[in-house]
Structures are given as structure tokens and as C-alpha cells.
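For reference, protein-v8.txt (compact mmCIF, C-alpha atoms):
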```txt
# COMPACT_ATOMS: atom_id res chain seq x y z
CA MET A 28 6.75 -27.84 6.48
CA ARG A 29 5.17 -27.60 3.03
CA SER A 30 7.17 -28.61 0.00
CA PRO A 31 7.88 -25.74 -2.41
CA LYS A 32 6.13 -27.84 -5.05
CA ASP A 33 2.93 -27.66 -3.02
CA PHE A 34 3.06 -23.91 -2.66
CA PHE A 35 1.44 -23.34 -6.05
CA ARG A 36 -1.23 -26.00 -5.76
CA PRO A 37 -4.81 -25.04 -4.81
CA LEU A 38 -5.61 -25.47 -1.12
CA ALA A 39 -9.08 -26.80 -1.91
CA VAL A 40 -10.45 -29.15 -4.56
CA GLY A 41 -11.88 -27.04 -7.36
CA ALA A 42 -10.19 -23.79 -6.30
CA PRO A 43 -8.28 -21.79 -8.95
CA GLU A 44 -4.54 -22.26 -9.22
CA PRO A 45 -2.51 -19.75 -7.19
CA VAL A 46 -0.81 -16.93 -9.04
CA ARG A 47 2.90 -17.31 -9.79
CA GLU A 48 3.60 -13.59 -9.84
CA ILE A 49 1.74 -10.67 -8.29
CA PRO A 50 0.41 -8.35 -11.01
CA VAL A 51 1.80 -4.82 -10.73
CA ARG A 52 -0.96 -2.35 -11.50
CA PRO A 53 -1.13 1.36 -10.66
CA SER A 54 -2.12 1.65 -7.01
CA ARG A 55 -0.84 5.06 -5.98
CA MET A 56 -3.81 5.62 -3.74
CA ILE A 57 -6.08 3.14 -1.96
CA HIS A 58 -9.13 5.30 -1.43
CA PHE A 59 -11.31 4.25 1.50
CA PHE A 60 -15.06 4.73 1.73
CA PRO A 61 -17.48 3.47 4.40
CA ALA A 62 -19.58 0.79 2.75
CA SER A 63 -22.22 1.27 5.48
CA ASN A 64 -23.03 4.78 4.24
CA PRO A 65 -25.64 4.72 1.41
CA LYS A 66 -24.70 8.26 0.39
CA MET A 67 -21.05 7.24 -0.12
CA VAL A 68 -22.07 4.02 -1.89
CA GLY A 69 -24.04 6.17 -4.31
CA LYS A 70 -20.90 8.15 -5.12
CA VAL A 71 -18.87 5.05 -6.04
CA PRO A 72 -19.00 5.54 -9.83
CA ASP A 73 -17.63 9.09 -9.52
CA MET A 74 -14.98 8.07 -6.98
CA ALA A 75 -13.87 5.06 -9.01
CA ALA A 76 -13.08 7.23 -12.00
CA LYS A 77 -10.58 9.28 -9.96
CA VAL A 78 -8.54 6.61 -8.16
CA ASP A 79 -6.36 3.57 -8.81
CA VAL A 80 -7.92 1.52 -6.02
CA LEU A 81 -11.31 1.97 -4.35
CA LEU A 82 -11.70 0.14 -1.04
CA ALA A 83 -15.00 -0.68 0.64
CA ASN A 84 -14.23 -0.43 4.34
CA LEU A 85 -15.96 -2.81 6.74
CA GLU A 86 -13.59 -2.45 9.70
CA ASP A 87 -12.31 0.52 11.77
CA GLY A 88 -14.44 3.59 11.33
CA VAL A 89 -17.61 1.50 10.98
CA PRO A 90 -19.59 1.29 14.27
CA ALA A 91 -20.51 -2.17 15.54
CA SER A 92 -24.15 -1.39 14.87
CA ASP A 93 -23.36 -0.77 11.18
CA LYS A 94 -21.22 -3.84 10.43
CA GLU A 95 -23.98 -5.74 8.64
CA ALA A 96 -24.96 -2.61 6.70
CA ALA A 97 -21.33 -2.24 5.58
CA ARG A 98 -21.28 -5.85 4.39
CA SER A 99 -24.49 -5.24 2.43
CA GLY A 100 -22.99 -2.06 0.99
CA LEU A 101 -20.00 -4.04 -0.29
CA VAL A 102 -22.36 -6.47 -2.02
CA ASP A 103 -24.28 -3.60 -3.65
CA VAL A 104 -21.05 -2.02 -4.90
CA GLY A 105 -19.58 -5.30 -6.12
CA LYS A 106 -22.70 -6.34 -8.04
CA ALA A 107 -22.84 -2.97 -9.80
CA TRP A 108 -19.08 -2.68 -10.38
CA SER A 109 -18.11 -1.69 -13.92
CA ALA A 110 -15.11 0.62 -13.46
CA GLU A 111 -12.47 -0.55 -15.95
CA GLY A 112 -8.93 0.28 -14.94
CA THR A 113 -9.80 0.75 -11.25
CA GLN A 114 -9.33 -2.03 -8.72
CA LEU A 115 -12.01 -2.88 -6.15
CA TRP A 116 -10.71 -3.92 -2.73
CA THR A 117 -12.35 -4.43 0.62
CA ARG A 118 -11.00 -4.33 4.17
CA VAL A 119 -12.72 -6.94 6.33
CA ASN A 120 -12.86 -7.01 10.10
CA SER A 121 -10.02 -8.61 12.02
CA LEU A 122 -9.81 -12.39 12.33
CA ASP A 123 -10.48 -12.25 16.07
CA SER A 124 -13.67 -10.18 15.67
CA PRO A 125 -17.27 -11.48 15.55
CA TRP A 126 -17.59 -10.19 11.97
CA GLY A 127 -14.43 -11.33 10.17
CA LEU A 128 -15.67 -14.77 9.08
CA ASP A 129 -18.97 -13.46 7.72
CA ASP A 130 -17.12 -10.62 5.95
CA LEU A 131 -14.85 -13.07 4.13
CA THR A 132 -17.66 -15.48 3.30
CA THR A 133 -19.90 -12.74 1.91
CA ALA A 134 -17.13 -11.02 -0.02
CA VAL A 135 -16.12 -14.20 -1.88
CA THR A 136 -19.50 -15.83 -2.39
CA GLU A 137 -21.45 -12.67 -3.29
CA VAL A 138 -18.98 -10.45 -5.18
CA GLY A 139 -15.80 -12.47 -5.60
CA GLU A 140 -15.76 -11.90 -9.36
CA ALA A 141 -15.62 -8.13 -8.89
CA LEU A 142 -13.01 -8.05 -6.12
CA ASP A 143 -9.27 -7.83 -6.73
CA VAL A 144 -7.85 -7.82 -3.20
CA ILE A 145 -9.05 -8.46 0.36
CA MET A 146 -7.26 -6.47 3.06
CA ILE A 147 -6.76 -8.27 6.37
CA PRO A 148 -6.14 -6.06 9.44
CA LYS A 149 -3.95 -6.77 12.45
CA VAL A 150 -2.01 -9.64 10.91
CA GLU A 151 0.47 -10.92 13.49
CA GLY A 152 2.06 -13.94 11.87
CA PRO A 153 1.99 -16.37 8.93
CA GLU A 154 -0.67 -18.45 10.70
CA ASP A 155 -3.20 -15.67 10.08
CA ILE A 156 -2.46 -15.74 6.36
CA HIS A 157 -2.54 -19.55 6.28
CA TYR A 158 -6.05 -19.48 7.77
CA VAL A 159 -7.29 -16.89 5.25
CA ASP A 160 -5.53 -18.71 2.39
CA ARG A 161 -7.31 -22.01 3.05
CA LEU A 162 -10.67 -20.38 3.71
CA LEU A 163 -10.55 -18.34 0.51
CA ALA A 164 -9.67 -21.46 -1.50
CA GLN A 165 -12.68 -23.30 -0.07
CA LEU A 166 -15.00 -20.39 -0.81
CA GLU A 167 -13.59 -19.89 -4.31
CA ALA A 168 -14.19 -23.56 -5.06
CA LYS A 169 -17.72 -23.35 -3.68
CA VAL A 170 -18.72 -20.54 -6.05
CA GLY A 171 -16.52 -21.57 -8.98
CA LEU A 172 -14.20 -18.58 -9.19
CA THR A 173 -11.61 -18.97 -11.94
CA GLU A 174 -9.09 -16.45 -10.57
CA PRO A 175 -7.77 -16.44 -6.99
CA LEU A 176 -8.40 -13.41 -4.81
CA LEU A 177 -5.28 -11.72 -3.50
CA VAL A 178 -4.57 -10.81 0.12
CA HIS A 179 -3.15 -7.59 1.53
CA ALA A 180 -2.05 -7.50 5.19
CA ILE A 181 -1.82 -4.52 7.54
CA LEU A 182 1.08 -4.25 10.00
CA GLU A 183 -0.55 -2.94 13.17
CA THR A 184 1.22 -4.76 16.01
CA ALA A 185 4.77 -5.22 17.21
CA ARG A 186 4.41 -8.96 16.68
CA GLY A 187 3.36 -8.35 13.10
CA VAL A 188 6.46 -6.25 12.49
CA ALA A 189 8.65 -8.88 14.15
CA ASN A 190 7.18 -11.53 11.81
CA VAL A 191 6.99 -9.37 8.69
CA GLU A 192 9.24 -11.56 6.54
CA GLU A 193 7.24 -14.71 7.37
CA ILE A 194 3.96 -12.89 6.69
CA CYS A 195 5.16 -11.78 3.25
CA ALA A 196 6.18 -15.35 2.37
CA ALA A 197 3.09 -17.06 3.80
CA SER A 198 1.06 -17.47 0.61
CA PRO A 199 1.16 -16.93 -3.16
CA ARG A 200 -1.93 -14.76 -2.57
CA MET A 201 0.07 -12.11 -0.75
CA GLN A 202 -0.28 -8.91 -2.79
CA GLY A 203 1.27 -6.45 -0.36
CA LEU A 204 1.48 -4.85 3.06
CA SER A 205 0.37 -1.53 4.50
CA LEU A 206 1.65 0.22 7.59
CA GLY A 207 -1.10 0.88 10.15
CA PRO A 208 0.59 3.54 12.29
CA ALA A 209 -2.20 4.31 14.80
CA ASP A 210 -2.82 0.75 15.98
CA LEU A 211 0.88 -0.01 15.84
CA ALA A 212 1.63 3.04 18.00
CA ALA A 213 -0.90 1.86 20.59
CA ASN A 214 0.41 -1.71 20.56
CA ARG A 215 4.00 -0.52 20.97
CA ARG A 216 2.94 1.86 23.75
CA MET A 217 4.32 4.77 21.75
CA LYS A 218 3.35 8.11 23.31
CA THR A 219 1.60 9.67 20.35
CA THR A 220 -2.10 10.11 19.61
CA ARG A 221 -1.63 10.95 15.91
CA VAL A 222 -2.74 8.81 12.97
CA GLY A 223 0.51 8.68 11.01
CA GLY A 224 3.03 11.42 10.45
CA GLY A 225 5.73 12.76 12.72
CA HIS A 226 5.72 14.20 16.21
CA PRO A 227 7.36 17.46 17.34
CA GLY A 228 8.79 15.71 20.39
CA TYR A 229 10.69 13.15 18.32
CA LEU A 230 13.70 15.25 17.35
CA VAL A 231 17.44 15.79 17.39
CA ARG A 232 19.00 18.97 18.72
CA GLN A 233 22.01 20.85 17.44
CA ASP A 234 25.12 20.76 19.66
CA PRO A 235 25.65 23.71 22.03
CA ASP A 236 27.50 26.72 20.69
CA ALA A 237 31.12 26.33 21.85
CA GLU A 238 31.35 30.06 22.60
CA ASP A 239 27.88 30.69 24.01
CA ASP A 240 26.16 28.06 26.14
CA ASP A 241 22.93 30.08 26.14
CA ALA A 242 22.68 30.49 22.36
CA PRO A 243 19.53 29.01 20.79
CA ARG A 244 19.99 25.49 19.44
CA ALA A 245 18.12 24.37 16.34
CA THR A 246 15.99 21.25 16.49
CA TYR A 247 14.95 18.94 13.66
CA GLN A 248 11.83 16.76 13.76
CA GLN A 249 12.47 13.11 12.92
CA ASP A 250 10.33 10.46 11.22
CA LEU A 251 8.78 8.05 13.73
CA TRP A 252 8.06 5.50 11.00
CA HIS A 253 11.35 5.36 9.10
CA TYR A 254 12.52 2.06 10.61
CA THR A 255 9.19 0.29 10.21
CA VAL A 256 8.60 1.44 6.64
CA ALA A 257 12.13 0.48 5.59
CA ARG A 258 11.82 -2.97 7.17
CA MET A 259 8.42 -3.49 5.52
CA VAL A 260 9.78 -2.47 2.12
CA ASP A 261 12.69 -4.91 2.38
CA ALA A 262 10.38 -7.78 3.38
CA CYS A 263 7.97 -7.03 0.54
CA VAL A 264 10.61 -6.68 -2.16
CA ALA A 265 12.37 -9.86 -1.02
CA ASN A 266 9.10 -11.74 -1.53
CA GLY A 267 7.88 -10.08 -4.71
CA ILE A 268 4.96 -8.18 -3.17
CA LEU A 269 4.13 -4.48 -2.82
CA PRO A 270 4.60 -2.10 0.16
CA TYR A 271 2.26 0.80 0.98
CA TYR A 272 2.12 3.59 3.50
CA GLY A 273 -1.17 3.62 5.38
CA PRO A 274 -3.34 6.48 6.62
CA PHE A 275 -2.46 10.10 7.39
CA GLY A 276 -5.15 11.28 9.76
CA ASP A 277 -4.72 15.06 9.79
CA ILE A 278 -6.84 15.81 6.72
CA LYS A 279 -6.31 19.57 6.96
CA ASP A 280 -2.50 19.34 7.03
CA THR A 281 -1.99 18.58 3.36
CA THR A 282 1.64 19.73 3.50
CA ALA A 283 2.63 17.18 6.16
CA CYS A 284 0.57 14.51 4.37
CA GLU A 285 2.54 15.12 1.17
CA ASP A 286 5.81 14.97 3.10
CA GLN A 287 4.91 11.65 4.75
CA PHE A 288 3.76 10.15 1.46
CA ARG A 289 6.98 11.30 -0.24
CA ASN A 290 9.13 9.76 2.49
CA ALA A 291 7.37 6.45 1.88
CA TYR A 292 7.70 6.82 -1.91
CA LEU A 293 11.42 7.50 -1.70
CA LEU A 294 11.90 4.47 0.56
CA GLY A 295 10.18 2.20 -1.97
CA CYS A 296 6.44 2.24 -1.27
CA VAL A 297 4.18 2.15 -4.33
CA GLY A 298 1.20 3.96 -2.81
CA ALA A 299 -0.64 5.13 0.29
CA TRP A 300 -4.16 5.25 1.69
CA SER A 301 -6.39 8.24 1.00
CA LEU A 302 -9.06 8.90 3.62
CA HIS A 303 -10.50 12.06 2.07
CA PRO A 304 -10.79 13.31 -1.51
CA VAL A 305 -8.17 15.98 -0.82
CA GLN A 306 -5.57 13.23 -0.35
CA ILE A 307 -6.25 11.59 -3.73
CA ASP A 308 -4.37 14.20 -5.76
CA ILE A 309 -1.57 14.27 -3.18
CA ALA A 310 -1.00 10.53 -3.58
CA LYS A 311 -1.28 10.76 -7.36
CA LYS A 312 1.35 13.50 -7.44
CA VAL A 313 3.76 11.92 -4.96
CA PHE A 314 3.66 8.33 -6.24
CA SER A 315 4.06 9.38 -9.89
CA PRO A 316 7.72 10.04 -10.79
CA ASP A 317 8.72 13.69 -11.13
CA PRO A 318 9.06 14.69 -14.82
CA ASP A 319 12.61 15.95 -14.20
CA ASP A 320 13.57 12.56 -12.74
CA VAL A 321 12.04 10.79 -15.74
CA ALA A 322 13.96 13.02 -18.17
CA HIS A 323 17.20 12.42 -16.26
CA ALA A 324 16.58 8.65 -16.20
CA GLN A 325 16.14 8.64 -19.97
CA ARG A 326 19.40 10.59 -20.46
CA VAL A 327 21.36 8.17 -18.28
CA ILE A 328 19.93 5.06 -19.97
CA GLU A 329 20.65 6.47 -23.43
CA ALA A 330 24.19 7.52 -22.46
CA MET A 331 25.04 4.15 -20.88
CA GLY A 332 24.29 2.10 -23.99
CA ASP A 333 24.51 -1.55 -22.95
CA GLY A 334 24.39 -0.54 -19.29
CA THR A 335 28.00 -1.40 -18.44
CA GLY A 336 30.94 0.84 -17.67
CA ALA A 337 30.61 4.45 -16.55
CA VAL A 338 30.00 7.89 -18.05
CA MET A 339 30.12 11.48 -16.81
CA LEU A 340 26.89 13.49 -17.08
CA ASP A 341 26.69 17.04 -15.73
CA GLY A 342 29.79 16.42 -13.64
CA LYS A 343 28.38 13.28 -12.02
CA MET A 344 29.47 9.70 -12.52
CA GLU A 345 26.79 7.34 -13.79
CA ASP A 346 27.40 3.58 -13.87
CA ASP A 347 25.51 0.29 -13.99
CA ALA A 348 23.98 0.93 -10.57
CA SER A 349 22.75 4.31 -11.81
CA VAL A 350 21.12 2.61 -14.81
CA LYS A 351 19.26 0.19 -12.53
CA GLN A 352 17.91 3.10 -10.48
CA CYS A 353 16.91 4.93 -13.65
CA HIS A 354 15.08 1.90 -15.02
CA VAL A 355 12.98 1.82 -11.83
CA ILE A 356 11.88 5.42 -12.43
CA LEU A 357 11.36 5.07 -16.17
CA SER A 358 9.45 1.77 -15.92
CA LEU A 359 7.07 3.22 -13.34
CA ALA A 360 6.54 6.34 -15.45
CA GLN A 361 5.75 4.22 -18.51
CA GLU A 362 3.31 1.99 -16.59
CA LEU A 363 1.41 4.98 -15.24
CA ALA A 364 1.47 6.92 -18.51
CA ALA A 365 0.04 3.97 -20.43
CA ASP A 366 -3.35 4.64 -18.78
CA ASP A 367 -3.02 8.38 -18.23
CA PRO A 368 -2.71 10.64 -21.31
CA GLU A 369 -2.01 13.64 -19.08
CA LEU A 370 1.01 11.93 -17.54
CA ALA A 371 2.15 10.68 -20.94
CA ASP A 372 2.18 14.26 -22.18
CA LEU A 373 3.93 15.48 -19.03
CA TYR A 374 6.67 12.89 -19.46
CA GLY A 375 7.03 13.53 -23.17
CA PHE A 376 5.81 10.03 -24.05
CA ALA A 377 2.81 11.15 -26.10
CA GLY A 378 3.10 9.86 -29.65
CA LYS A 379 6.17 7.76 -28.83
CA GLY A 380 4.35 4.55 -27.97
CA ALA A 381 5.83 4.45 -24.45
```
The structure in this file should be written as C-alpha cells.
Amino acid sequence: MRSPKDFFRPLAVGAPEPVREIPVRPSRMIHFFPASNPKMVGKVPDMAAKVDVLLANLEDGVPASDKEAARSGLVDVGKAWSAEGTQLWTRVNSLDSPWGLDDLTTAVTEVGEALDVIMIPKVEGPEDIHYVDRLLAQLEAKVGLTEPLLVHAILETARGVANVEEICAASPRMQGLSLGPADLAANRRMKTTRVGGGHPGYLVRQDPDAEDDDAPRATYQQDLWHYTVARMVDACVANGILPYYGPFGDIKDTTACEDQFRNAYLLGCVGAWSLHPVQIDIAKKVFSPDPDDVAHAQRVIEAMGDGTGAVMLDGKMEDDASVKQCHVILSLAQELAADDPELADLYGFAGKGA
């Protein structure tokens, strides 16, 4: 077992010191693009201006025949990267694939200065993070990086979910976790072929009518992912890292996409993946606090003074717990508005230095 004192020492001679605290930057949407597609690589400057995080995808969705082209596309993007305010991430191939090692080596040695986060798929336990942690330190030392790259893991197996707390605590590099619902559904042997979202068969039914056994009974669709998202959020928060919802595959169903993103937002997630441009604005809307909530949070904080005791506002009791909730909303609104004049105006922060 490693001593806590060793946890913040570099794992390789010459590697940068590990971070002590994960930086919290706007990451409402992690927008994926296939780095193997030259047409999409050419659109990177336009895409980067519209998103919080742009991710060069090397893994699922890239055919085996295009893996090397995707790696080259990442290098092209990283060497030309100049988008201030937008993070550049990449998702490498899984650690048990023939491409994962070369993906990591190329990413760090060729464009490590431009990258913020490396996403690791199908993480099943802390040992996977320990391997990546040591390898990244060696590569960082080799090329002389001065800042450590951060690691983001995807929960895509039952074993990963079972070990989620240990995964979150495995390294100071851990930036966050994303839910990978499609692979997780397959691994769990869940009987759904959807990529995220609910299922009409997963429901509760209203009790029978006491006076008419044949009367129609209302049904209510349930959220297949509530348990997993909630457990992931708890594990992330307990370890000072950030939770995200993953992909929503039905691109045309923007209503259900917004609902799923909002469920994740309300449970504590800070963002979600966007697989198509239409999902960018959905994520931006959902993971930015509602202006009415921001206004209410400000009223409560102002009314509570030093944050102790209790007050009545609009017939509702507000106390110290209310103030803590309101500070979560207001702090997020201020962070987002600092880089978005439109949001600052919407929240009434414009000209107030918020």
C-alpha cells in the first residue's frame, strides 16, 4: 500500500508533480469527432469555438482499418490547436486492445502540450488507472512536459461500477468519470439495444381500480440509469473529481435527449457527451443553471445573511442547508457567465463583475 505522502510524488524521474486539486472548468458538453475523418478534422476550428470540450475520438466508432489514421488526425489537430477557452481531449482505445499503447504514446509524445485530458474506456478497477498513471509519467518525463495530463475513465462494465470508488481514488490524475450506457448494458446482459436513455418496458403501473378491474391503468416509464448515475456521482464527489453522463444515441429524439441530460444534471453531473451538433445546444442549455433558479439562489443567500438560522421566503422555509444548495447554483452560474457574455446578461450579472 502506498503512503499518502507518496501519492503526490511523480511516478517517474523528471515527470511533473501531480496536481493537488482537479481544476473545475466549464465542460457542459464533451463533443466527439472522429479523428480519422479529414473532413471533420478540417472543421475543428469552427467546432472548437462552440463547445467547452472537443474530443478527438480514436476508439468506438472508428473502424479497425482507420485506427492509425485517427491517431494521425489527433496529431494534426493537436499541433494546430489554438482554441483558447476550449479544452482538447482524446479518447484512446481500451487497454486490452492492440492500439491502446500506441495511442497513449503518440498522444503524450506528439501533442501532450495541447491535450488537457485523456479518456480511458472500459476501466474495470484501480489497476487500470495505476498502469496508465505510471506510463503517462514516464512519457511526460521523456518529452519534458511541465504539467501532468489528467485522466478520465468510462464506466462500461459491471466490474467497473462495483469498483467505482477505488477507480476514483486511484490517482491524483483522475479528472472524472463518464457513464457508458451501451457497453454497460451489454456487459450486464440488460435487454436493451439503445445507446442511453430509457426504455418503454422499464415501468411501473398504477394499481387496479378498486371498483372496475377492467379500467385502464396508467403506466410510467422509469430511468434505467438512475442507480448507476447516482452511485457514480457519489464516488466522484467523495474523491474531488467530476461526473458526466455519456452518450445519447437517438440523435433525432432531441426531447428525450434533453430529459436524460437534465436527469443527470439534477443528480449532480456537470456535463454530457454530444455526438452530433444538435446535441451541443441541448447540453449547453441543460447544464447551465436556469435563470429563475439563479435569481432564487441570490434571494436566499441575501436573505440568510451569515448563512445561519432560518427565514421564510414565499411561504417556504430556507435555512443553512438551503444556502448551501443555492451557493452550488450561483457558483456554477458565475463560473459559466465569466466566459459567456450572453449567459452573464441572462443571469443579470452583466456590469456587476460577477
I'd like a table as a Markdown table: residues in range 349-378 of chain A with an atom no more than 12 Å from range 279-299 of chain A, each row giving the shortest atom pair and its distance in Å to one decimal, only C-alpha atoms counted, sorted by chain and rising residue number.
```
| residue | atom | partner | partner_atom | distance |
| --- | --- | --- | --- | --- |
| A:Gln352 | CA | A:Gly295 | CA | 11.5 |
| A:Val355 | CA | A:Gly295 | CA | 10.3 |
| A:Ile356 | CA | A:Leu293 | CA | 10.9 |
| A:Leu359 | CA | A:Val297 | CA | 9.5 |
| A:Leu363 | CA | A:Val297 | CA | 11.6 |
```
Checklist line | Residue nearest Val191 in chain A among A:Gln361, A:Thr173, A:Thr220, A:Thr255 (counting all atoms listed in the file) | finding: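 Comparing A:Gln361, A:Thr173, A:Thr220, A:Thr255 against Val191 in chain A, the winner is A:Thr255.
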Next item on the list: Return the single residue from A:Val188, A:Ala75, A:Leu163, A:Met339 that is closest to Leu176 in chain A, with distances computed using only C-alpha atoms.
Entry: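 Among A:Val188, A:Ala75, A:Leu163, A:Met339, it is A:Leu163 that comes nearest to Leu176 in chain A.
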I want to know what sits within 12 Å of Gln233 in chain A, based on all atoms listed in the file, with residues of the same chain fewer than 5 positions away left out; could you give that as an mmCIF file with C-alpha atoms, in the frame of the given file?
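To be explicit, this is the file written out as result-v8.cif:
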```
data_model
loop_
_atom_site.group_PDB
_atom_site.id
_atom_site.type_symbol
_atom_site.label_atom_id
_atom_site.label_comp_id
_atom_site.auth_asym_id
_atom_site.auth_seq_id
_atom_site.Cartn_x
_atom_site.Cartn_y
_atom_site.Cartn_z
ATOM 1 C CA ALA A 242 22.680 30.490 22.360
ATOM 2 C CA PRO A 243 19.530 29.010 20.790
ATOM 3 C CA ARG A 244 19.990 25.490 19.440
ATOM 4 C CA ALA A 245 18.120 24.370 16.340
ATOM 5 C CA THR A 246 15.990 21.250 16.490
ATOM 6 C CA TYR A 247 14.950 18.940 13.660
ATOM 7 C CA GLN A 248 11.830 16.760 13.760
#
```
Checklist line | Pairwise distance for CA of Arg47 in chain A and CA of Leu142 in chain A, rounded to one decimal in Å | finding: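 Here the two named atoms are 18.8 Å from each other.
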Next item on the list: Would you mind reading off the distance between CA of Val135 in chain A and CA of Ala91 in chain A, one decimal, in Å?
Entry: 21.6 Å
Note to self: Report, in Å to a single decimal, how far apart CA of Val159 in chain A and CA of Arg98 in chain A are.
What the structure shows: 17.8 Å
Checklist line | A:Val71, A:Ala322, A:Ala348, A:Met201 ranked by distance to Ile49 in chain A, top pick (using all atoms listed in the file) | finding: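 Selected residue with least distance to Ile49 in chain A: A:Met201.
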Next item on the list: Between A:Phe59, A:Ala168, A:His354, A:Arg161, single out the one closest to Arg118 in chain A, counting all atoms listed in the file.
Entry: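 When distances to Arg118 in chain A are compared using all atoms listed in the file, the smallest one comes from A:Phe59.
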Item checked: Residue nearest Pro153 in chain A - candidates A:Ser198, A:Gln165, A:Gln114, A:Ser109, atoms counted: all atoms listed in the file -> A:Ser198
Next item on the list: Show me as a list in words the residues that reach within 12 Å of (30.3, 2.4, -17.2), counting all atoms listed in the file and using the file's own coordinates.
Entry: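 Nearby residues: Val327, Ile328, Ala330, Met331, Gly332, Asp333, Gly334, Thr335, Gly336, Ala337, Val338, Met339, Leu340, Met344, Glu345, Asp346, Asp347, Ala348, Ser349 and Val350 of chain A.
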